[in-house]
Amino acid sequence: MNKAFVLGAGLGTRLRPLTDQLPKPLIPVFHKPLITCAFEHLLKAGVREFMVNTHHLPECYAEAFPTGEYHGAPITFRHEPVLLETAGGIANIADLVRGESFLVYNGDILTDLPLQPLMEEHAKGKNLVTLVLRSTGPAKHIAFDAASGLVTDIRGKLGTENMGTHQFTGIYAVSPEFMDRLTPGKIESVIPVWLECLKRGERIGAVVSDEGQWWDLGDRESYLDAHAALWGGVENGQLKYLADGLAPANVSFVSPKADVHHSVSLKGVNVISEGAVVGVNATLRDCILWPGAKVADLAFLNRCIVRRGMTAEGVLNGKDV
């Protein structure tokens, strides 16, 4: 598949106030916008063209990708003045996919699960949609029958009394025929559309992929935890995509363009971005400083996130500044 639709229009309410400044797919992960990790994952799978829907703070995407491309792959941004949700967003790019199958990828996940099994299963041409599932996770809402390779229910909505066996990863392949099940301009989630397809006996298939790592960075705790867990994926100042490994007890990923005073104490896993300033005798434990963030002299920060242009001072525990 040559094209991928990366969902970038969400409001990111669970990550506020971080998403008051950036759309969730643009929050930095080891100094890089989260969405670029999706782009790199997809490029390695053979995708050569991206589509991204926008709604909240759309100007931030233009700032992040001023040339309208990423590593040579063009990005088409499709703005939604009214948030259309997932199904509406897919219907809104029908003219861009032009009758081709394509991938859909949630913009707030971080993963290196293999995409080839998904594309191979979908290429058989039997499914309207093919989902990537995991057999473990906190939200096992998809009922999947391994023998047939089909989804049979979602959250028990079809009366099967099966509330779910697998976690949906937010990655799936879409056949061009599925576009006929959508209503252009209609605000709707993709889940009710899939349920209607299942009621009509149409095929919503799936593959199970428990390989690699998968993170939903939908809240601050998962955002902080991912940085600690993925430290083994950083080499020579770059985030490898991805690698297993836990951080040692005290490590720091400090941009050479950050200003960190020599008296600063860094404990746990800290990520300090370009242009950040950390003052005299400050202490950081498991913190993330965005570009241009500041930490005052003598401050003590524990599991804090400091945004661009903001200053953290005093004693702060588990705060977003």
# chains A, B, ... in the order shown; residues from 1 in each chain; ligands from 1

call {"tool": "residues_around", "arguments": {"residues": "Glu69 of chain A", "least_positions_apart": "2", "cutoff": "12 Å", "atoms": "only C-alpha atoms", "output": "list of chain:residue names"}}
result
A:Thr36, A:Phe39, A:Arg48, A:Glu49, A:Phe50, A:Met51, A:Val52, A:Tyr61, A:Ala62, A:Glu63, A:Ala64, A:Phe65, A:Pro66, A:Thr67, A:His71, A:Gly72, A:Ala73, A:Pro74, A:Ile75, A:Thr76, A:Phe77

call {"tool": "select_by_dssp", "arguments": {"residues": "segment 81-251 of chain A", "states": "strand (DSSP E or B)", "output": "PyMOL selection string"}}
result
chain A and resi 102-106+109-111+129-134+142-145+150-154+166-174+204-208+214-216+234-235+238-239+250-251

call {"tool": "residues_around", "arguments": {"residues": "Cys304 of chain A", "least_positions_apart": "3", "cutoff": "12 Å", "atoms": "only C-alpha atoms", "output": "ChimeraX atom specification"}}
result
/A:18,220-221,223-225,269-272,283-290,293,295,299-301,307,311-313,315-321

call {"tool": "closest_residue", "arguments": {"among": "A:Ser263, A:Ser189, A:Ser209, A:Thr136", "to": "Ala91 of chain A", "atoms": "only C-alpha atoms"}}
result
A:Ser189

call {"tool": "residues_around", "arguments": {"residues": "Ala206 of chain A", "least_positions_apart": "6", "cutoff": "12 Å", "atoms": "only C-alpha atoms", "output": "count of residues only"}}
result
36

call {"tool": "atom_distance", "arguments": {"atom1": "atom CA of Gly88 of chain A", "atom2": "atom CA of Gly12 of chain A"}}
result
17.9 Å

call {"tool": "select_by_dssp", "arguments": {"residues": "segment 70-319 of chain A", "states": "helix (DSSP H, G or I)", "output": "ChimeraX atom specification"}}
result
/A:85-91,94-97,116-123,176-181,190-199,220-229,231-233

call {"tool": "residues_around", "arguments": {"residues": "Ile90 of chain A", "least_positions_apart": "3", "cutoff": "8 Å", "atoms": "only C-alpha atoms", "output": "CSV table (one decimal) with C-alpha atoms, in the first residue's frame"}}
result
chain,number,residue,atom,x,y,z
A,5,PHE,CA,-4.1,8.3,6.5
A,86,THR,CA,-12.9,8.9,12.4
A,87,ALA,CA,-15.4,7.8,9.8
A,93,ILE,CA,-10.2,12.1,1.9
A,94,ALA,CA,-12.0,9.9,-0.7
A,179,MET,CA,-15.8,4.3,1.2

call {"tool": "closest_residue", "arguments": {"among": "A:Asp20, A:Asp210, A:Asp297, A:Glu40", "to": "Leu110 of chain A", "atoms": "only C-alpha atoms"}}
result
A:Glu40

call {"tool": "closest_residue", "arguments": {"among": "A:Met1, A:Ile35, A:Leu198, A:Val193", "to": "Tyr105 of chain A", "atoms": "only C-alpha atoms"}}
result
A:Ile35

call {"tool": "atom_distance", "arguments": {"atom1": "atom CA of Thr111 of chain A", "atom2": "atom CA of Cys37 of chain A"}}
result
8.1 Å

call {"tool": "closest_residue", "arguments": {"among": "A:Pro17, A:Gly279, A:Gly107, A:Pro81", "to": "Val264 of chain A", "atoms": "only C-alpha atoms"}}
result
A:Gly279
